[in-house]
>>> print(open('my_file34.cif').read())   # mmCIF, C-alpha atoms and all ligand atoms
data_data
#
loop_
_atom_site.label_atom_id
_atom_site.label_comp_id
_atom_site.auth_asym_id
_atom_site.auth_seq_id
_atom_site.Cartn_x
_atom_site.Cartn_y
_atom_site.Cartn_z
CA MET G 27 130.66 106.26 131.68
CA SER G 28 127.92 107.65 133.82
CA THR G 29 124.43 106.92 132.46
CA ARG G 30 121.58 108.62 134.23
CA MET G 31 118.09 107.22 134.50
CA GLU G 32 114.81 108.53 135.67
CA ALA G 33 112.45 107.16 138.30
CA THR G 34 108.97 108.26 139.16
CA VAL G 35 108.11 108.49 142.78
CA THR G 36 104.53 108.19 143.85
CA GLN G 37 103.86 109.21 147.40
CA HIS G 38 100.94 108.13 149.56
CA PHE G 39 100.84 109.78 152.95
CA HIS G 40 98.46 109.17 155.80
CA PHE G 41 98.15 112.04 158.17
CA SER G 42 96.51 112.63 161.44
CA PRO G 43 93.15 114.41 161.04
CA TRP G 44 95.03 117.48 162.22
CA ILE G 45 96.50 117.97 158.79
CA HIS G 46 94.24 118.44 155.81
CA SER G 47 95.68 116.84 152.72
CA SER G 48 94.58 119.85 150.68
CA SER G 49 96.93 122.00 152.71
CA ILE G 50 100.04 119.94 152.15
CA VAL G 51 102.59 121.66 149.99
CA ALA G 52 104.07 118.65 148.28
CA LYS G 53 103.72 117.23 144.83
CA PRO G 54 102.00 113.84 144.81
CA LYS G 55 104.35 112.74 142.05
CA GLY G 56 107.94 113.62 141.47
CA SER G 57 110.76 112.71 139.21
CA LEU G 58 114.21 111.77 140.48
CA GLN G 59 117.42 111.09 138.59
CA PHE G 60 119.86 108.40 139.66
CA SER G 61 123.29 107.40 138.44
CA ARG G 62 123.93 104.02 136.77
CA ARG G 63 125.30 102.34 139.89
CA PHE G 64 121.78 102.21 141.36
CA ALA G 65 120.60 99.99 138.50
CA GLU G 66 121.47 96.75 140.32
CA GLN G 67 119.48 97.71 143.35
CA HIS G 68 115.76 96.94 143.38
CA ILE G 69 114.96 99.51 145.97
CA LEU G 70 116.46 102.89 146.46
CA ARG G 71 116.15 104.48 149.82
CA VAL G 72 115.88 108.19 149.43
CA PRO G 73 116.02 110.27 152.58
CA PHE G 74 113.27 112.77 152.13
CA SER G 75 111.93 115.50 154.31
CA PHE G 76 109.54 118.37 153.91
CA ASN G 77 107.48 120.79 155.90
CA LEU G 78 103.80 120.13 156.35
CA GLN G 79 102.00 123.36 155.62
CA LEU G 80 99.02 123.45 157.94
CA SER G 81 96.00 125.40 156.84
CA ARG G 82 95.62 127.23 160.13
CA PRO G 83 98.07 130.14 160.33
CA SER G 84 98.60 129.73 164.07
CA ALA G 85 99.40 126.05 163.89
CA ARG G 86 103.04 125.01 164.07
CA ARG G 87 104.73 123.47 161.06
CA ARG G 88 105.94 119.98 161.57
CA THR G 89 108.81 118.36 159.72
CA VAL G 90 108.64 114.66 159.05
CA ALA G 91 111.37 112.45 157.62
CA LEU G 92 110.14 109.72 155.26
CA ASN G 93 111.92 106.91 153.46
CA ILE G 94 110.50 106.54 149.98
CA ALA G 95 111.09 103.22 148.26
CA CYS G 96 111.00 103.26 144.47
CA SER G 97 112.43 101.54 141.42
CA TYR G 98 113.80 103.12 138.29
CA ASP G 99 112.13 103.43 134.93
CA ASN G 100 108.46 104.36 134.69
CA SER G 101 107.50 101.11 132.97
CA THR G 102 108.78 98.70 135.63
CA ALA G 103 106.71 98.03 138.71
CA LEU G 104 107.25 100.60 141.37
CA GLU G 105 108.07 99.41 144.82
CA SER G 106 105.33 101.15 146.66
CA GLY G 107 103.87 101.37 150.09
CA ASN G 108 102.24 103.69 152.53
CA HIS G 109 104.55 105.64 154.74
CA PHE G 110 103.20 106.92 157.98
CA ALA G 111 104.48 110.25 159.16
CA SER G 112 105.28 110.14 162.82
CA PHE G 113 103.29 112.67 164.72
CA ASP G 114 103.07 113.36 168.42
CA GLU G 115 99.31 113.21 168.82
CA SER G 116 99.18 113.92 172.52
CA LEU G 117 101.23 117.09 172.07
CA ALA G 118 99.14 118.07 169.05
CA ILE G 119 95.81 117.67 170.86
CA GLN G 120 97.08 119.62 173.86
CA ARG G 121 98.24 122.42 171.62
CA LYS G 122 94.90 122.59 169.86
CA CYS G 123 93.11 122.56 173.22
CA ARG G 124 95.17 125.56 174.33
CA GLU G 125 94.02 127.36 171.18
CA ILE G 126 90.34 126.84 171.88
CA GLU G 127 90.25 127.11 175.65
CA SER G 128 89.56 130.84 175.89
CA TYR G 129 86.71 130.45 173.35
CA LEU G 130 85.30 127.56 175.37
CA ASN G 131 85.31 129.86 178.36
CA GLY G 132 85.03 126.99 180.83
CA ARG G 133 81.95 125.48 179.18
CA CYS G 134 81.48 121.77 179.72
CA ILE G 135 81.63 119.31 176.84
CA TYR G 136 78.74 116.80 176.78
CA LEU G 137 79.47 113.67 174.78
CA VAL G 138 76.30 112.03 173.49
CA GLY G 139 75.93 108.85 171.46
CA MET G 140 74.81 105.26 171.51
CA MET G 141 75.93 102.71 174.05
CA GLY G 142 79.44 101.68 173.09
CA SER G 143 80.12 104.79 171.00
CA GLY G 144 83.20 105.54 173.12
CA LYS G 145 81.90 108.46 175.22
CA THR G 146 83.78 107.25 178.30
CA THR G 147 86.95 106.23 176.47
CA VAL G 148 87.21 109.33 174.26
CA GLY G 149 85.93 111.53 177.11
CA ASN G 150 88.88 110.55 179.29
CA VAL G 151 91.41 111.37 176.55
CA LEU G 152 89.67 114.69 175.93
CA SER G 153 89.48 115.72 179.58
CA ASN G 154 93.21 115.03 180.02
CA ALA G 155 94.09 117.09 176.96
CA LEU G 156 91.85 119.99 177.98
CA GLY G 157 92.87 119.80 181.64
CA TYR G 158 89.16 119.40 182.47
CA SER G 159 87.61 117.04 185.02
CA PHE G 160 85.74 114.00 183.76
CA ALA G 161 82.26 112.89 184.82
CA ASP G 162 79.96 110.09 183.74
CA SER G 163 76.24 110.68 184.23
CA ASP G 164 75.56 106.91 184.64
CA SER G 165 78.13 106.76 187.46
CA LEU G 166 76.58 109.80 189.15
CA VAL G 167 73.17 108.12 189.11
CA GLU G 168 74.72 104.92 190.50
CA GLU G 169 76.37 106.88 193.33
CA ASP G 170 73.11 108.65 194.07
CA VAL G 171 70.94 105.51 194.19
CA GLY G 172 73.66 103.22 195.58
CA ILE G 173 73.26 100.38 193.05
CA SER G 174 74.30 99.78 189.43
CA VAL G 175 72.34 101.06 186.42
CA ALA G 176 71.36 97.47 185.60
CA GLU G 177 69.97 97.00 189.11
CA ILE G 178 68.15 100.35 189.03
CA PHE G 179 66.35 99.25 185.85
CA LYS G 180 65.46 95.92 187.45
CA VAL G 181 64.32 97.23 190.83
CA TYR G 182 62.81 100.65 190.03
CA GLY G 183 62.27 100.61 186.26
CA GLU G 184 63.43 102.88 183.42
CA ASP G 185 61.29 105.94 184.27
CA PHE G 186 62.87 106.18 187.72
CA PHE G 187 66.32 105.94 186.11
CA ARG G 188 65.45 108.71 183.61
CA GLU G 189 64.39 111.05 186.44
CA LYS G 190 67.66 110.43 188.26
CA GLU G 191 69.58 110.94 185.04
CA THR G 192 67.93 114.32 184.45
CA GLU G 193 68.74 115.32 188.01
CA ALA G 194 72.39 114.36 187.48
CA LEU G 195 72.50 116.49 184.31
CA ARG G 196 70.90 119.43 186.12
CA LYS G 197 73.66 119.30 188.74
CA LEU G 198 76.34 118.95 186.07
CA SER G 199 74.95 121.96 184.18
CA LEU G 200 76.02 124.12 187.16
CA MET G 201 79.64 122.99 186.77
CA HIS G 202 82.49 124.31 184.65
CA GLN G 203 85.43 122.65 182.90
CA PHE G 204 84.04 119.13 182.79
CA VAL G 205 83.98 116.61 179.98
CA ILE G 206 80.82 114.59 180.54
CA SER G 207 80.07 111.15 179.23
CA THR G 208 76.27 110.96 179.15
CA GLY G 209 74.00 107.92 179.17
CA GLY G 210 73.00 106.71 175.71
CA GLY G 211 69.36 107.77 176.22
CA VAL G 212 69.78 111.38 177.46
CA VAL G 213 68.95 112.80 174.05
CA THR G 214 65.37 111.51 174.24
CA ARG G 215 64.21 114.02 176.89
CA THR G 216 63.81 117.72 176.03
CA ILE G 217 64.63 118.82 179.57
CA ASN G 218 68.05 117.17 179.28
CA TRP G 219 68.88 119.38 176.28
CA LYS G 220 68.08 122.44 178.37
CA HIS G 221 70.79 121.35 180.81
CA MET G 222 73.28 120.21 178.17
CA ASN G 223 72.91 123.44 176.20
CA LYS G 224 74.72 125.23 179.03
CA GLY G 225 77.78 123.59 177.55
CA ILE G 226 78.68 122.19 174.12
CA SER G 227 77.15 118.89 173.02
CA VAL G 228 79.11 116.52 170.78
CA TRP G 229 77.62 113.46 169.08
CA LEU G 230 80.01 110.55 168.65
CA ASP G 231 78.39 109.07 165.59
CA VAL G 232 79.55 105.46 165.33
CA PRO G 233 78.05 103.03 162.80
CA LEU G 234 76.07 100.03 163.97
CA GLU G 235 78.63 97.39 163.00
CA ALA G 236 81.34 99.04 165.13
CA LEU G 237 78.94 99.37 168.09
CA VAL G 238 78.07 95.69 167.81
CA LYS G 239 81.75 94.66 167.69
CA ARG G 240 82.66 96.72 170.74
CA ILE G 241 79.64 95.72 172.80
CA SER G 242 79.91 92.04 172.02
CA ALA G 243 83.58 92.16 173.11
CA VAL G 244 82.58 93.25 176.63
CA GLY G 245 79.07 91.75 176.94
CA THR G 246 75.70 93.32 177.67
CA SER G 247 75.25 92.57 181.38
CA SER G 248 75.82 96.22 182.39
CA ARG G 249 73.51 97.49 179.61
CA PRO G 250 69.93 96.63 180.63
CA LEU G 251 68.35 97.85 177.38
CA LEU G 252 70.39 95.29 175.45
CA HIS G 253 70.68 92.38 177.84
CA HIS G 254 69.11 89.00 177.03
CA ASP G 255 69.57 85.63 178.67
CA SER G 256 68.32 83.75 175.64
CA THR G 257 70.49 81.59 173.40
CA ASP G 258 70.21 84.00 170.47
CA ALA G 259 71.30 86.92 172.68
CA TYR G 260 73.75 88.19 170.05
CA SER G 261 71.19 88.61 167.27
CA LYS G 262 68.71 90.17 169.70
CA THR G 263 71.39 92.68 170.75
CA VAL G 264 72.05 93.58 167.11
CA ILE G 265 68.33 94.09 166.43
CA ARG G 266 67.83 96.13 169.60
CA LEU G 267 70.86 98.33 168.91
CA SER G 268 69.78 98.92 165.34
CA THR G 269 66.22 99.85 166.44
CA LEU G 270 67.51 102.25 169.09
CA LEU G 271 69.92 103.83 166.62
CA GLU G 272 67.11 104.38 164.14
CA GLU G 273 64.72 105.76 166.77
CA ARG G 274 67.34 108.11 168.22
CA GLY G 275 69.13 109.26 165.08
CA GLU G 276 67.30 112.59 164.91
CA ALA G 277 67.71 113.21 168.61
CA TYR G 278 71.49 112.68 168.46
CA ALA G 279 71.64 115.03 165.48
CA LYS G 280 70.47 117.86 167.77
CA ALA G 281 73.99 118.00 169.20
CA GLU G 282 75.89 121.13 168.26
CA VAL G 283 78.90 119.18 167.04
CA ARG G 284 78.92 115.86 165.20
CA VAL G 285 81.91 113.59 164.84
CA SER G 286 81.26 110.93 162.23
CA CYS G 287 83.61 108.03 162.88
CA ARG G 288 82.85 106.64 159.42
CA LYS G 289 83.99 109.88 157.76
CA LEU G 290 86.99 110.06 160.08
CA ALA G 291 88.02 106.51 159.16
CA ALA G 292 87.82 107.44 155.46
CA LYS G 293 89.87 110.57 156.10
CA LEU G 294 92.51 108.43 157.79
CA GLY G 295 92.54 106.00 154.87
CA THR G 296 90.82 103.01 156.48
CA LYS G 297 87.40 101.47 155.88
CA GLU G 298 87.38 99.89 159.31
CA VAL G 299 85.93 102.26 161.93
CA CYS G 300 87.26 99.93 164.64
CA ASN G 301 90.82 100.83 163.55
CA VAL G 302 90.35 104.47 164.52
CA THR G 303 91.93 105.02 167.91
CA PRO G 304 90.31 106.92 170.79
CA MET G 305 93.10 109.52 170.45
CA ALA G 306 92.32 110.08 166.75
CA ILE G 307 88.63 110.48 167.62
CA ALA G 308 89.46 112.88 170.46
CA ILE G 309 91.57 114.95 168.05
CA GLU G 310 88.65 115.08 165.62
CA VAL G 311 86.32 116.13 168.45
CA VAL G 312 88.60 119.09 169.24
CA GLU G 313 88.86 119.94 165.53
CA GLN G 314 85.07 119.91 165.12
CA ILE G 315 84.58 121.93 168.32
CA SER G 316 87.03 124.53 167.01
CA ILE G 317 85.02 124.77 163.76
CA PHE G 318 81.85 125.19 165.84
CA LEU G 319 83.52 127.92 167.92
CA GLU G 320 84.66 129.71 164.78
CA ARG G 321 81.09 129.74 163.52
CA GLU G 322 79.88 130.89 166.91
CA ASN G 323 82.36 133.77 166.85
CA GLY G 324 81.43 134.62 163.28
CA SER G 325 85.03 134.78 162.16
CA CYS G 326 88.24 132.80 161.84
CA ALA G 327 89.28 132.67 165.47
CA PHE G 328 92.24 130.28 165.13
N1 LIG U 401 88.06 103.99 169.33
C1 LIG U 401 87.91 102.81 169.92
N2 LIG U 401 88.54 101.75 169.40
C2 LIG U 401 88.38 100.52 169.95
N3 LIG U 401 87.61 100.26 171.04
C3 LIG U 401 86.98 101.28 171.59
C4 LIG U 401 87.07 102.61 171.07
N4 LIG U 401 86.30 103.42 171.81
C5 LIG U 401 85.73 102.64 172.75
N5 LIG U 401 86.14 101.37 172.62
C6 LIG U 401 85.73 100.21 173.46
O1 LIG U 401 84.31 100.07 173.31
C7 LIG U 401 83.70 99.79 174.55
C8 LIG U 401 82.66 100.87 174.85
O2 LIG U 401 83.35 102.10 175.02
P1 LIG U 401 82.86 103.18 176.08
O3 LIG U 401 82.55 102.52 177.39
O4 LIG U 401 83.86 104.27 176.08
O5 LIG U 401 81.51 103.64 175.39
P2 LIG U 401 80.31 104.47 176.01
O6 LIG U 401 79.78 105.29 174.91
O7 LIG U 401 80.78 105.19 177.24
O8 LIG U 401 79.28 103.32 176.38
P3 LIG U 401 78.02 103.33 177.40
O9 LIG U 401 77.17 104.49 177.05
O10 LIG U 401 77.37 102.03 177.15
O11 LIG U 401 78.63 103.43 178.77
C9 LIG U 401 84.82 99.72 175.58
O12 LIG U 401 85.17 98.38 175.77
C10 LIG U 401 85.98 100.48 174.94
O13 LIG U 401 87.22 100.00 175.35
O1 LIG U 402 71.01 103.94 175.72
C1 LIG U 402 70.43 103.95 176.82
O2 LIG U 402 69.23 104.22 176.94
C2 LIG U 402 71.21 103.68 178.03
C3 LIG U 402 72.57 103.75 178.00
C4 LIG U 402 73.43 103.57 179.19
O3 LIG U 402 74.51 104.48 179.15
C5 LIG U 402 72.64 103.75 180.47
O4 LIG U 402 72.33 105.10 180.68
C6 LIG U 402 71.37 102.95 180.44
O5 LIG U 402 71.73 101.60 180.35
C7 LIG U 402 70.47 103.34 179.27
#
>>> encode(input="my_file34.cif", output="structure tokens")
Amino acid sequence: MSTRMEATVTQHFHFSPWIHSSSIVAKPKGSLQFSRRFAEQHILRVPFSFNLQLSRPSARRRTVALNIACSYDNSTALESGNHFASFDESLAIQRKCREIESYLNGRCIYLVGMMGSGKTTVGNVLSNALGYSFADSDSLVEEDVGISVAEIFKVYGEDFFREKETEALRKLSLMHQFVISTGGGVVTRTINWKHMNKGISVWLDVPLEALVKRISAVGTSSRPLLHHDSTDAYSKTVIRLSTLLEERGEAYAKAEVRVSCRKLAAKLGTKEVCNVTPMAIAIEVVEQISIFLERENGSCAF
């Protein structure tokens, strides 16, 4: 005798920010029928594949194979879990970069944000994907003066550093096809915006707690605005970072594009901003730039 039984499958998928969950053509719940011989097994492995329908018409469909574990009978506990779709992020970001490059028209990308927000780390990923060169305004100032930023602050003071920084940005504003990691304080001077507005500015908006975690992992010796020799150096760093973040919030918000790492973490299904990889952030940067370019062009360009 062949008795059939029904099982409910609940799917939870985590996708790269590339794919908007609203655009996925898949039912979140489904019903499957199994023959009696599966009754002894706690977990059924069901080979399952479907096409991800991306919202952008020009984007390629990707097929992912997922194993869905479930048990039979709605009333018994379902064996559940999150199943990550494999996704070649480096190919995906390169593809998206190709889509936007003619709209960028060689304009430089200026990454702005607090110390430790990942401008250098994400900037390198982005420049590779775009095929752009990478520059760091702090490094340019160091090359110009011949000593480190920390030493410049100590020997010549902050105002001298700010002048040199503005000069570095002026030179960079004459360049094309660069991703530029800027110093954390560039947003505070109006003249710097004049230079950065030759390209596209992107704010890497990272919450305080993630900044603190990252900075305390590497120390503050290279960051003169945060460095303290005192015994309670950690708490002083937290207070200083939080004050700077509050003072500069509005200035960072002047950037044309904002990438909120908190929102991105939520979109990726994690509360922990520190779990979001530089690649995932770089992908989101390209996504947000493409939205900005669409607005700039007044139509759906991609
Ligand atoms: N997404 C990330 N996940 C985990 N660690 C990261 C991430 N992004 C950056 N980091 C780490 O945080 C630290 C600061 O990053 P990075 O130097 O890129 O920031 P920054 O904005 O360029 O800082 P600054 O302006 O002070 O030079 C580095 O140690 C880096 O490895
Ligand atoms: O946030 C800031 O004001 C600074 C950030 C660093 O990148 C350096 O530009 C310098 O230490 C100052």
>>> closest_atom_pairs(input="my_file34.cif", of="chain G", to="ligand LIG 402 (chain U)", cutoff="10 Å", atoms="all atoms listed in the file", output="JSON lines")
{"residue": "G:Val138", "atom": "CA", "partner": "U:LIG402", "partner_atom": "O3", "distance": 9.6}
{"residue": "G:Gly139", "atom": "CA", "partner": "U:LIG402", "partner_atom": "O1", "distance": 8.2}
{"residue": "G:Met140", "atom": "CA", "partner": "U:LIG402", "partner_atom": "O1", "distance": 5.8}
{"residue": "G:Met141", "atom": "CA", "partner": "U:LIG402", "partner_atom": "C3", "distance": 5.3}
{"residue": "G:Gly142", "atom": "CA", "partner": "U:LIG402", "partner_atom": "O3", "distance": 8.3}
{"residue": "G:Ser143", "atom": "CA", "partner": "U:LIG402", "partner_atom": "O3", "distance": 9.9}
{"residue": "G:Lys145", "atom": "CA", "partner": "U:LIG402", "partner_atom": "O3", "distance": 9.3}
{"residue": "G:Thr146", "atom": "CA", "partner": "U:LIG402", "partner_atom": "O3", "distance": 9.7}
{"residue": "G:Asp162", "atom": "CA", "partner": "U:LIG402", "partner_atom": "O3", "distance": 9.1}
{"residue": "G:Ser163", "atom": "CA", "partner": "U:LIG402", "partner_atom": "O4", "distance": 7.7}
{"residue": "G:Asp164", "atom": "CA", "partner": "U:LIG402", "partner_atom": "O4", "distance": 5.4}
{"residue": "G:Ser165", "atom": "CA", "partner": "U:LIG402", "partner_atom": "O4", "distance": 9.1}
{"residue": "G:Val167", "atom": "CA", "partner": "U:LIG402", "partner_atom": "O4", "distance": 9.0}
{"residue": "G:Ser174", "atom": "CA", "partner": "U:LIG402", "partner_atom": "O5", "distance": 9.6}
{"residue": "G:Val175", "atom": "CA", "partner": "U:LIG402", "partner_atom": "O5", "distance": 6.1}
{"residue": "G:Ala176", "atom": "CA", "partner": "U:LIG402", "partner_atom": "O5", "distance": 6.7}
{"residue": "G:Ile178", "atom": "CA", "partner": "U:LIG402", "partner_atom": "O5", "distance": 9.5}
{"residue": "G:Phe179", "atom": "CA", "partner": "U:LIG402", "partner_atom": "O5", "distance": 8.0}
{"residue": "G:Glu184", "atom": "CA", "partner": "U:LIG402", "partner_atom": "C7", "distance": 8.2}
{"residue": "G:Phe187", "atom": "CA", "partner": "U:LIG402", "partner_atom": "O4", "distance": 8.1}
{"residue": "G:Arg188", "atom": "CA", "partner": "U:LIG402", "partner_atom": "O4", "distance": 8.3}
{"residue": "G:Glu191", "atom": "CA", "partner": "U:LIG402", "partner_atom": "O4", "distance": 7.8}
{"residue": "G:Ser207", "atom": "CA", "partner": "U:LIG402", "partner_atom": "O3", "distance": 8.7}
{"residue": "G:Thr208", "atom": "CA", "partner": "U:LIG402", "partner_atom": "O3", "distance": 6.7}
{"residue": "G:Gly209", "atom": "CA", "partner": "U:LIG402", "partner_atom": "O3", "distance": 3.5}
{"residue": "G:Gly210", "atom": "CA", "partner": "U:LIG402", "partner_atom": "O1", "distance": 3.4}
{"residue": "G:Gly211", "atom": "CA", "partner": "U:LIG402", "partner_atom": "O2", "distance": 3.6}
{"residue": "G:Val212", "atom": "CA", "partner": "U:LIG402", "partner_atom": "O2", "distance": 7.2}
{"residue": "G:Val213", "atom": "CA", "partner": "U:LIG402", "partner_atom": "O2", "distance": 9.1}
{"residue": "G:Thr214", "atom": "CA", "partner": "U:LIG402", "partner_atom": "O2", "distance": 8.7}
{"residue": "G:Thr246", "atom": "CA", "partner": "U:LIG402", "partner_atom": "O5", "distance": 9.6}
{"residue": "G:Ser247", "atom": "CA", "partner": "U:LIG402", "partner_atom": "O5", "distance": 9.7}
{"residue": "G:Ser248", "atom": "CA", "partner": "U:LIG402", "partner_atom": "O5", "distance": 7.1}
{"residue": "G:Arg249", "atom": "CA", "partner": "U:LIG402", "partner_atom": "O5", "distance": 4.5}
{"residue": "G:Pro250", "atom": "CA", "partner": "U:LIG402", "partner_atom": "O5", "distance": 5.3}
{"residue": "G:Leu251", "atom": "CA", "partner": "U:LIG402", "partner_atom": "O5", "distance": 5.9}
{"residue": "G:Leu252", "atom": "CA", "partner": "U:LIG402", "partner_atom": "O5", "distance": 8.1}
{"residue": "G:His253", "atom": "CA", "partner": "U:LIG402", "partner_atom": "O5", "distance": 9.6}
{"residue": "G:Leu267", "atom": "CA", "partner": "U:LIG402", "partner_atom": "O1", "distance": 8.8}
{"residue": "G:Leu270", "atom": "CA", "partner": "U:LIG402", "partner_atom": "O1", "distance": 7.7}
{"residue": "G:Leu271", "atom": "CA", "partner": "U:LIG402", "partner_atom": "O1", "distance": 9.2}
{"residue": "G:Arg274", "atom": "CA", "partner": "U:LIG402", "partner_atom": "O1", "distance": 9.3}
>>> write_last_selection(input="my_file34.cif", atoms="C-alpha atoms", output="compact mmCIF listing (two decimals), keeping the file's coordinate frame")
# COMPACT_ATOMS: atom_id res chain seq x y z
CA VAL G 138 76.30 112.03 173.49
CA GLY G 139 75.93 108.85 171.46
CA MET G 140 74.81 105.26 171.51
CA MET G 141 75.93 102.71 174.05
CA GLY G 142 79.44 101.68 173.09
CA SER G 143 80.12 104.79 171.00
CA LYS G 145 81.90 108.46 175.22
CA THR G 146 83.78 107.25 178.30
CA ASP G 162 79.96 110.09 183.74
CA SER G 163 76.24 110.68 184.23
CA ASP G 164 75.56 106.91 184.64
CA SER G 165 78.13 106.76 187.46
CA VAL G 167 73.17 108.12 189.11
CA SER G 174 74.30 99.78 189.43
CA VAL G 175 72.34 101.06 186.42
CA ALA G 176 71.36 97.47 185.60
CA ILE G 178 68.15 100.35 189.03
CA PHE G 179 66.35 99.25 185.85
CA GLU G 184 63.43 102.88 183.42
CA PHE G 187 66.32 105.94 186.11
CA ARG G 188 65.45 108.71 183.61
CA GLU G 191 69.58 110.94 185.04
CA SER G 207 80.07 111.15 179.23
CA THR G 208 76.27 110.96 179.15
CA GLY G 209 74.00 107.92 179.17
CA GLY G 210 73.00 106.71 175.71
CA GLY G 211 69.36 107.77 176.22
CA VAL G 212 69.78 111.38 177.46
CA VAL G 213 68.95 112.80 174.05
CA THR G 214 65.37 111.51 174.24
CA THR G 246 75.70 93.32 177.67
CA SER G 247 75.25 92.57 181.38
CA SER G 248 75.82 96.22 182.39
CA ARG G 249 73.51 97.49 179.61
CA PRO G 250 69.93 96.63 180.63
CA LEU G 251 68.35 97.85 177.38
CA LEU G 252 70.39 95.29 175.45
CA HIS G 253 70.68 92.38 177.84
CA LEU G 267 70.86 98.33 168.91
CA LEU G 270 67.51 102.25 169.09
CA LEU G 271 69.92 103.83 166.62
CA ARG G 274 67.34 108.11 168.22
>>> atom_distance(input="my_file34.cif", atom1="CA of Ile126 in chain G", atom2="CA of Ser159 in chain G")
16.6 Å
>>> closest_residue(input="my_file34.cif", among="G:Thr303, G:Ser199, G:Thr192, G:Asn131", to="ligand LIG 401 (chain U)", atoms="all atoms listed in the file")
G:Thr303
>>> atom_distance(input="my_file34.cif", atom1="CA of Glu235 in chain G", atom2="CA of Glu276 in chain G")
19.1 Å
>>> residues_around(input="my_file34.cif", residues="Val283 in chain G", least_positions_apart="6", cutoff="9 Å", atoms="only C-alpha atoms", output="list in words")
Ile226, Ser227, Val228, Trp229, Leu230, Val311, Gln314, Ile315, Ile317 and Phe318 of chain G
>>> atom_distance(input="my_file34.cif", atom1="CA of Met201 in chain G", atom2="CA of Cys134 in chain G")
7.4 Å
>>> residues_around(input="my_file34.cif", residues="Asn150 in chain G", least_positions_apart="5", cutoff="12 Å", atoms="only C-alpha atoms", output="list in words")
Ile135, Leu137, Gly144, Lys145, Ala155, Leu156, Gly157, Tyr158, Ser159, Phe160, Ala161, Asp162, Phe204, Val205, Ile206, Ser207, Pro304, Met305, Ile307 and Ala308 of chain G
>>> closest_residue(input="my_file34.cif", among="G:Lys239, G:Arg288, G:Lys180, G:Lys262", to="ligand LIG 401 (chain U)", atoms="only C-alpha atoms and all ligand atoms")
G:Lys239
>>> closest_residue(input="my_file34.cif", among="G:Ala259, G:Leu130, G:Val302, G:Ala291", to="ligand LIG 401 (chain U)", atoms="all atoms listed in the file")
G:Val302
>>> closest_residue(input="my_file34.cif", among="G:Leu200, G:Arg121, G:Gly295, G:Cys287", to="ligand LIG 401 (chain U)", atoms="all atoms listed in the file")
G:Cys287
